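Take a look at the structure set out below.
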Protein chains: 2
Amino acid sequence: MEFADRRSIRRYAERGIPRELMEALAAEASRAATMGNMQLYSLVVTTDGPEREALAAAHHHQPMAEEAPAILTFCADYNRFSLWCGLRQADPGYDNFASFANAVTDTLLFAQAFITLAEERGLGTCILGTTVYNPDMIIDALHLPRLVFPVLTAAMGWPGEFPEQTDRLPAAAVIHNGTYGNYAPEDIERIYAYKESLPESRHFVEINGTDNLAQVFTRFRFTRDECMEMSLRLEKALERQGFSLPGRKV
Amino acid sequence: MEFADRRSIRRYAERGIPRELMEALAAEASRAATMGNMQLYSLVVTTDGPEREALAAAHHHQPMAEEAPAILTFCADYNRFSLWCGLRQADPGYDNFASFANAVTDTLLFAQAFITLAEERGLGTCILGTTVYNPDMIIDALHLPRLVFPVLTAAMGWPGEFPEQTDRLPAAAVIHNGTYGNYAPEDIERIYAYKESLPESRHFVEINGTDNLAQVFTRFRFTRDECMEMSLRLEKALERQGFSLPGRKV
């Protein structure tokens, strides 16, 4: 399948993914660029057992979290590297925010490479946006040690549906030449016109009783209060995992 | 080219990348998953002029930063979405850490998709790890407004070299079944044995005068002091761009 044809898959055939395929995909995806060749990531593959139940709960029991053959949790990981340093009389100074940022970068490049390769082999995936809501529950469910943090979760399986593609903004809207050319109001109107015109957008506006689609996002889908609440949880979980935010130290 | 055969490219032929190709790649890469279909990213493509000089300086004048036909700066972007909300009497509550985290995720999934697609068409890339060192200089060089933050920088061009592939850890070392199985010392020894045995690793140890490879990382490449300094810069730059860290607010 061409990348241009991809869509997220939320229903799956009842058929597992062989361990050997997961390892082959991980080996190939590990060719993605990585900071100083440190490979600051781990992938936890969860299929069943009490950890699967705990993980599904962390993801609000969404149908994909309950039903997909496998849940893939891509974690920023400075634990493995720091253990190595510890065995070599080397002092690993990676319990800080910049090191977390570097590990997140490694993790997400690896994750997208893995997902692209999996989809090329016919697998279907759906990212669970709930990872940022309940990091503490995921840390507990997967027994993540210090310096390991859940960054991205993908449900994965063999497709049991072929949904319509969702819309995207015009490509020119996300590219800037030379420097960032900020958007004038008429640019914004043009960029969002197609999205706002779609029947599903009009449907969302109607069922939520708002004036327009933007208000569906700000009042219901990603509210200010919820984002602040998530920020606090994220900070607490980062502290717990040993990645200190500098604001606390200064 | 198969993804398994990829390598970072640091020398380039003297030939530019057509704007149409950049837009085609952006259109295709935008099929990557995105939180709530918000597409929280922008790509700034910088080729020449004073902004190119300022950008090369931010990247410590590395040869790729000076010589590559194009420098791609992938930015977390809640500005575009918030401008849209502002035009629709919707209150965008995205000036916080969780929203930044969501935008970073969108940005890096898009970035790896873009890079994979570019490499499939014969382009070569090299990630510049310096993005996290000097976010403030990059923000200035590219005129990034509030709620836009540089996350990943790639030098890009048509390959002018075909280097050896670098090593990677065994795939089994980064996959965990069910939950995170922590590493025993003998696991770490096994996982890092090949890397430590390589002639280039022994060479790094020799020229740095350390006892082993881990100490090359902790004493020279990614030191504790440097990571702390980077953490502070990152925090300051996040505050400047309007993504408040919650530790400051509590």
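Ligands are numbered from 1 in the order shown, residues from 1 within each chain, and chains are lettered A, B, ... in the order they appear in the structure tokens.
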Could the residues of chain A that have an atom at most 6 Å from chain B be listed as JSON lines, each with its closest atom pair and the distance in Å to one decimal, counting only C-alpha atoms and ordered by chain and ascending residue number?
```
{"residue": "A:Ala4", "atom": "CA", "partner": "B:Glu28", "partner_atom": "CA", "distance": 4.9}
{"residue": "A:Glu23", "atom": "CA", "partner": "B:Ala171", "partner_atom": "CA", "distance": 6.0}
{"residue": "A:Ala26", "atom": "CA", "partner": "B:Ala171", "partner_atom": "CA", "distance": 5.7}
{"residue": "A:Ala27", "atom": "CA", "partner": "B:Ala171", "partner_atom": "CA", "distance": 4.8}
{"residue": "A:Glu28", "atom": "CA", "partner": "B:Ala4", "partner_atom": "CA", "distance": 4.9}
{"residue": "A:Ser42", "atom": "CA", "partner": "B:Val174", "partner_atom": "CA", "distance": 4.7}
{"residue": "A:Leu43", "atom": "CA", "partner": "B:Ile175", "partner_atom": "CA", "distance": 4.9}
{"residue": "A:Val44", "atom": "CA", "partner": "B:His176", "partner_atom": "CA", "distance": 4.6}
{"residue": "A:Val45", "atom": "CA", "partner": "B:Asn177", "partner_atom": "CA", "distance": 5.2}
{"residue": "A:Thr46", "atom": "CA", "partner": "B:Gly178", "partner_atom": "CA", "distance": 4.2}
{"residue": "A:Cys85", "atom": "CA", "partner": "B:Ala214", "partner_atom": "CA", "distance": 5.4}
{"residue": "A:Ala90", "atom": "CA", "partner": "B:Gln215", "partner_atom": "CA", "distance": 5.0}
{"residue": "A:Pro92", "atom": "CA", "partner": "B:Thr218", "partner_atom": "CA", "distance": 5.9}
{"residue": "A:Gly93", "atom": "CA", "partner": "B:Arg224", "partner_atom": "CA", "distance": 4.1}
{"residue": "A:Phe97", "atom": "CA", "partner": "B:Ser231", "partner_atom": "CA", "distance": 5.2}
{"residue": "A:Ala98", "atom": "CA", "partner": "B:Ser231", "partner_atom": "CA", "distance": 4.5}
{"residue": "A:Leu108", "atom": "CA", "partner": "B:Leu108", "partner_atom": "CA", "distance": 5.9}
{"residue": "A:Leu109", "atom": "CA", "partner": "B:Gln112", "partner_atom": "CA", "distance": 5.4}
{"residue": "A:Gln112", "atom": "CA", "partner": "B:Leu109", "partner_atom": "CA", "distance": 5.4}
{"residue": "A:Leu142", "atom": "CA", "partner": "B:Thr179", "partner_atom": "CA", "distance": 4.4}
{"residue": "A:His143", "atom": "CA", "partner": "B:Tyr180", "partner_atom": "CA", "distance": 5.8}
{"residue": "A:Leu144", "atom": "CA", "partner": "B:Tyr180", "partner_atom": "CA", "distance": 5.8}
{"residue": "A:Ala171", "atom": "CA", "partner": "B:Ala27", "partner_atom": "CA", "distance": 4.8}
{"residue": "A:Val174", "atom": "CA", "partner": "B:Ser42", "partner_atom": "CA", "distance": 4.7}
{"residue": "A:Ile175", "atom": "CA", "partner": "B:Leu43", "partner_atom": "CA", "distance": 4.9}
{"residue": "A:His176", "atom": "CA", "partner": "B:Val44", "partner_atom": "CA", "distance": 4.6}
{"residue": "A:Asn177", "atom": "CA", "partner": "B:Val45", "partner_atom": "CA", "distance": 5.2}
{"residue": "A:Gly178", "atom": "CA", "partner": "B:Thr46", "partner_atom": "CA", "distance": 4.2}
{"residue": "A:Thr179", "atom": "CA", "partner": "B:Leu142", "partner_atom": "CA", "distance": 4.4}
{"residue": "A:Tyr180", "atom": "CA", "partner": "B:Leu142", "partner_atom": "CA", "distance": 5.7}
{"residue": "A:Ala214", "atom": "CA", "partner": "B:Cys85", "partner_atom": "CA", "distance": 5.4}
{"residue": "A:Gln215", "atom": "CA", "partner": "B:Ala90", "partner_atom": "CA", "distance": 4.9}
{"residue": "A:Thr218", "atom": "CA", "partner": "B:Pro92", "partner_atom": "CA", "distance": 5.9}
{"residue": "A:Arg224", "atom": "CA", "partner": "B:Gly93", "partner_atom": "CA", "distance": 4.1}
{"residue": "A:Cys227", "atom": "CA", "partner": "B:Ala98", "partner_atom": "CA", "distance": 6.0}
{"residue": "A:Met230", "atom": "CA", "partner": "B:Ala98", "partner_atom": "CA", "distance": 5.8}
{"residue": "A:Ser231", "atom": "CA", "partner": "B:Ala98", "partner_atom": "CA", "distance": 4.5}
{"residue": "A:Gly247", "atom": "CA", "partner": "B:Gly247", "partner_atom": "CA", "distance": 5.7}
{"residue": "A:Arg248", "atom": "CA", "partner": "B:Gly247", "partner_atom": "CA", "distance": 5.9}
```
Could you give me the residues within stretch 55-208 of chain A that DSSP places in strand (DSSP E), as a PyMOL selection string?
-> chain A and resi 70-77+124-127+148-157+175-177
Can you tell me, as a PyMOL selection string, what residues are no more than 6 Å from A:Gly242 when counting only C-alpha atoms, ignoring any on the same chain fewer than 3 positions away?
-> chain A and resi 95+146-147+239
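Relative to atom CA of A:Ala154, atom CA of A:Leu21 is found at 16.0 Å.
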How many Å separate atom CA of B:Met137 from atom CA of A:Ala76?
->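 Straight-line distance from atom CA of B:Met137 to atom CA of A:Ala76 works out to 26.2 Å.
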